[in-house]
Amino acid sequence: MATITEERILEALRRVRDPEKGRDLVSLGMIGGLTIKDGNVGFSIEVAAERGAAAEPLRKAAEQAVFALDGVTSVTAVLTAHSAGGGAGAGRAPAANAPAGDAAASAAAPKRSGADRIGSIVAVASGKGGVGKSTTAANLALALMAEGARTGLLDADIYGPSMPRMMGVRGKPTTADGKVLDPMNGHGVKLMSMGFLVDEETPMIWRGPMVMSALQQLLQDVDWGPLDVLVVDMPPGTGDAQLTLAQTAKLAGAVIVSTPQDIALLDARKGLNMFRKVDVPVLGIVENMSYFQCPHCGERSDIFSHGGARREAERLGVPFLGEIPLDIAIRETSDGGRPIVAAEPDGPHAAAYREIAMQVLDRLDAGAEGPKPAPKIVIR
């Protein structure tokens with residue numbers, strides 16, 4: 001039985017033409033979220049929203065073309081309501097008035113990614129929600145900038161984007177050419193989030209391929225410019241979104257955030273092991289909500305226990321980056337759109353985040369061997 005590869009699938013899809021545009025789906029950049037598991041194939045077809053059900057014959061033709069390949073046992077193609085560009089399988093379509101020679105050159109040329117000038121991409125992750133991962137990511141990005149690094153922050157939580165509110169940024173991103181977005185700016189940090197593109201109260205009811213395509217576009221179709229570090233606020237868990245970013249973002253490392261109690265550490269361990277399986281270095285573990293110190297009497301309470309993340313780091317053989325207390329000032333400044341590192345740069349909490357940032361920079365420098373290829377994820 002022939003091996004099913006991405007190249008074979010894309011070759012089959014090159015034989016499927018979009019009747020509205022007169023070109024094949026791959027050269028138009030309409031294919032995204034391609035997955036292969038045993039003989040089962042899935043992908044998305046990006047079409048303009050107004051086409052709706054009229055694109056259903058195109059979807060069926062694409063499924064049939066791939067199903068005809070030797071070794072394919074099932075095919076699932078879904079229509080996604082995006083512009084017909086920026087898919088994962090090919091470059092963008094050229095402008096409608098481009099000469100034929102330019103069109104051929106554009107189709108053959110590799111797509112330039114907005115992430116090409118980023119030195120290191122660092123994921124801030126957790127195995128579960130509610131541990132303060134986004135607060136940690138925002139303050140880490142600001143602390144890296146305070147240490148002199150040109151820093152960006154990507155909010156990769158498609159279902160629950162929080163960075164626009166947390167960084168106090170409103171409005172919509174602009175674009176010079178209609179293809180690549182200019183990032184927003186929050187306290188000197190370049191910022192992008194799905195929250196800038198949809199209303200804050202609009203639920204994102206999307207299937208996996210749509211989420212994967214959106215993540216790729218937020219990373220690659222944004223003019224990040226030259227950056228030393230891009231901090232990625234990962235969604236909680238170990239699902240499609242995490243695997244997509246690990247595979248496409250060429251992560252230089254991951255920072256794991258956990259609270260001290262056993263149940264949070266169990267989930268943090270899963271997140272850490274996921275990065276290890278896809279060959280992404282774990283830069284260390286942060287213990288968030290490590291303790292509470294009463295601002296009135298000074299008494300310290302270990303509400304969620306204490307020291308569990310440090311012990312877990314020692315057990316797993318990864319660095320322990322530091323402790324961040326449970327403090328009302330951290331919560332209030334984040335809710336107010338001015339995280340503690342920006343609001344109180346000379347305070348003790350900002351100092352704790354800057355110490356974590358310095359350790360992250362040291363570990364990035366120690367592991368700097370040039371960009372590594374994205375890991376190939378094999379699902380067995």
# chains A, B, ... in the order shown; residues from 1 in each chain; ligands from 1

$ select_by_dssp --residues "stretch 247-353 of chain A" --states "strand (DSSP E)" --output "ChimeraX atom specification"
/A:253-258,282-288,292-293,300-301,320-324

$ closest_residue --among "A:Leu265, A:Val122, A:Ile45, A:Ala12" --to "A:Leu245" --atoms "only C-alpha atoms"
A:Val122

$ atom_distance --atom1 "atom CA of A:Ala149" --atom2 "atom CA of A:Asp228"
5.7 Å

$ residues_around --residues "A:Leu215" --least-positions-apart "4" --cutoff "8 Å" --atoms "only C-alpha atoms" --output "JSON, numbers by chain"
{"A": [156, 158, 211, 219, 241, 244, 245]}

$ residues_around --residues "A:Arg14" --least-positions-apart "2" --cutoff "8 Å" --atoms "only C-alpha atoms" --output "list of chain:residue names"
A:Leu10, A:Glu11, A:Ala12, A:Val16, A:Arg17, A:Asp24, A:Leu25, A:Val26, A:Ser27

$ residues_around --residues "stretch 232-238 of chain A" --least-positions-apart "2" --cutoff "10 Å" --atoms "only C-alpha atoms" --output "ChimeraX atom specification"
/A:121-131,133-138,141,152-163,192-193,219,229-230,240-243,245,249,251,254-255,267-268,270-275

$ write_last_selection --atoms "N, CA and C atoms" --output "compact mmCIF listing (two decimals), in the first residue's frame"
# COMPACT_ATOMS: atom_id res chain seq x y z
N ILE A 121 10.93 32.28 19.37
CA ILE A 121 9.51 32.22 19.72
C ILE A 121 9.38 31.36 20.96
N VAL A 122 8.78 31.92 22.01
CA VAL A 122 8.68 31.24 23.30
C VAL A 122 7.20 31.06 23.64
N ALA A 123 6.79 29.84 23.88
CA ALA A 123 5.42 29.54 24.27
C ALA A 123 5.28 29.61 25.79
N VAL A 124 4.23 30.26 26.26
CA VAL A 124 3.87 30.23 27.67
C VAL A 124 2.62 29.36 27.77
N ALA A 125 2.73 28.24 28.46
CA ALA A 125 1.69 27.21 28.39
C ALA A 125 1.35 26.67 29.76
N SER A 126 0.18 26.01 29.81
CA SER A 126 -0.23 25.29 31.00
C SER A 126 -1.09 24.12 30.56
N GLY A 127 -1.19 23.13 31.38
CA GLY A 127 -2.02 21.99 31.03
C GLY A 127 -3.50 22.23 31.28
N LYS A 128 -3.84 23.29 32.02
CA LYS A 128 -5.22 23.58 32.36
C LYS A 128 -5.40 25.09 32.44
N GLY A 129 -6.66 25.51 32.42
CA GLY A 129 -6.95 26.93 32.56
C GLY A 129 -7.01 27.35 34.02
N GLY A 130 -7.02 28.65 34.24
CA GLY A 130 -7.21 29.18 35.58
C GLY A 130 -5.97 29.26 36.44
N VAL A 131 -4.78 29.10 35.85
CA VAL A 131 -3.55 29.15 36.65
C VAL A 131 -2.81 30.47 36.45
N LYS A 133 -1.92 31.85 33.37
CA LYS A 133 -0.99 31.76 32.25
C LYS A 133 -0.93 33.05 31.45
N SER A 134 -2.09 33.64 31.15
CA SER A 134 -2.10 34.87 30.35
C SER A 134 -1.48 36.03 31.11
N THR A 135 -1.75 36.12 32.40
CA THR A 135 -1.12 37.16 33.22
C THR A 135 0.39 36.99 33.20
N THR A 136 0.85 35.75 33.31
CA THR A 136 2.28 35.48 33.26
C THR A 136 2.86 35.85 31.91
N ALA A 137 2.16 35.49 30.82
CA ALA A 137 2.66 35.79 29.47
C ALA A 137 2.78 37.29 29.26
N ALA A 138 1.76 38.06 29.66
CA ALA A 138 1.78 39.51 29.47
C ALA A 138 2.93 40.14 30.25
N ALA A 141 6.37 39.20 28.78
CA ALA A 141 6.68 39.99 27.58
C ALA A 141 7.16 41.38 27.97
N GLY A 152 7.48 40.86 21.10
CA GLY A 152 6.11 40.79 20.63
C GLY A 152 5.32 39.81 21.48
N LEU A 153 4.01 39.90 21.42
CA LEU A 153 3.13 39.04 22.20
C LEU A 153 1.98 38.58 21.32
N LEU A 154 1.88 37.28 21.10
CA LEU A 154 0.80 36.69 20.30
C LEU A 154 -0.18 35.98 21.23
N ASP A 155 -1.42 36.41 21.20
CA ASP A 155 -2.49 35.77 21.97
C ASP A 155 -3.04 34.64 21.10
N ALA A 156 -2.64 33.40 21.40
CA ALA A 156 -3.02 32.25 20.59
C ALA A 156 -4.27 31.55 21.10
N ASP A 157 -4.93 32.13 22.09
CA ASP A 157 -6.16 31.53 22.60
C ASP A 157 -7.32 32.03 21.74
N ILE A 158 -7.66 31.27 20.71
CA ILE A 158 -8.69 31.68 19.75
C ILE A 158 -10.06 31.74 20.42
N TYR A 159 -10.36 30.80 21.29
CA TYR A 159 -11.68 30.74 21.90
C TYR A 159 -11.87 31.76 23.02
N GLY A 160 -10.80 32.12 23.70
CA GLY A 160 -10.92 33.05 24.83
C GLY A 160 -9.81 34.08 24.84
N PRO A 161 -9.69 34.92 23.80
CA PRO A 161 -8.60 35.90 23.76
C PRO A 161 -8.76 36.95 24.86
N SER A 162 -7.70 37.18 25.63
CA SER A 162 -7.78 38.11 26.76
C SER A 162 -6.77 39.25 26.67
N MET A 163 -5.81 39.16 25.75
CA MET A 163 -4.74 40.14 25.72
C MET A 163 -5.19 41.56 25.39
N MET A 192 -0.73 40.95 18.90
CA MET A 192 -1.77 40.50 17.99
C MET A 192 -2.63 39.48 18.70
N SER A 193 -3.95 39.56 18.43
CA SER A 193 -4.91 38.68 19.08
C SER A 193 -6.16 38.58 18.22
N LEU A 219 0.21 34.20 13.14
CA LEU A 219 1.67 34.15 13.27
C LEU A 219 2.34 34.64 11.99
N VAL A 229 12.35 38.41 20.67
CA VAL A 229 11.52 37.35 21.25
C VAL A 229 10.06 37.62 20.95
N LEU A 230 9.35 36.59 20.52
CA LEU A 230 7.89 36.62 20.44
C LEU A 230 7.34 35.68 21.49
N ASP A 240 -5.25 20.43 19.39
CA ASP A 240 -4.87 20.82 18.04
C ASP A 240 -4.07 22.12 18.00
N ALA A 241 -4.51 23.11 18.76
CA ALA A 241 -3.86 24.42 18.70
C ALA A 241 -2.41 24.33 19.15
N GLN A 242 -2.17 23.60 20.24
CA GLN A 242 -0.81 23.48 20.75
C GLN A 242 0.07 22.73 19.75
N LEU A 243 -0.46 21.65 19.18
CA LEU A 243 0.33 20.88 18.21
C LEU A 243 0.61 21.69 16.95
N LEU A 245 0.92 24.99 16.68
CA LEU A 245 1.97 25.96 16.94
C LEU A 245 3.33 25.30 17.12
N ALA A 249 5.54 26.94 14.30
CA ALA A 249 6.13 28.18 14.81
C ALA A 249 7.63 28.09 15.08
N LEU A 251 9.32 26.77 17.60
CA LEU A 251 9.46 27.27 18.97
C LEU A 251 10.88 27.06 19.49
N ALA A 254 9.64 26.58 25.72
CA ALA A 254 8.34 26.75 26.37
C ALA A 254 8.54 27.01 27.85
N VAL A 255 7.71 27.90 28.38
CA VAL A 255 7.64 28.17 29.81
C VAL A 255 6.32 27.60 30.31
N ASP A 267 -1.66 18.44 35.51
CA ASP A 267 -1.92 18.96 34.17
C ASP A 267 -0.70 19.65 33.59
N ALA A 268 0.06 20.34 34.43
CA ALA A 268 1.28 20.98 33.96
C ALA A 268 2.27 19.95 33.44
N LYS A 270 1.52 17.17 32.00
CA LYS A 270 1.07 16.76 30.66
C LYS A 270 1.53 17.76 29.61
N GLY A 271 1.38 19.06 29.92
CA GLY A 271 1.82 20.08 28.99
C GLY A 271 3.31 20.02 28.74
N LEU A 272 4.08 19.82 29.81
CA LEU A 272 5.53 19.72 29.67
C LEU A 272 5.92 18.53 28.81
N ASN A 273 5.29 17.39 29.05
CA ASN A 273 5.62 16.20 28.27
C ASN A 273 5.22 16.32 26.81
N MET A 274 4.15 17.10 26.53
CA MET A 274 3.79 17.33 25.14
C MET A 274 4.90 18.04 24.39
N PHE A 275 5.47 19.09 25.01
CA PHE A 275 6.55 19.81 24.35
C PHE A 275 7.77 18.92 24.17

$ residues_around --residues "A:Glu147" --least-positions-apart "2" --cutoff "8 Å" --atoms "only C-alpha atoms" --output "NGL selection string"
:A and (143-145 or 149 or 354 or 357-358)
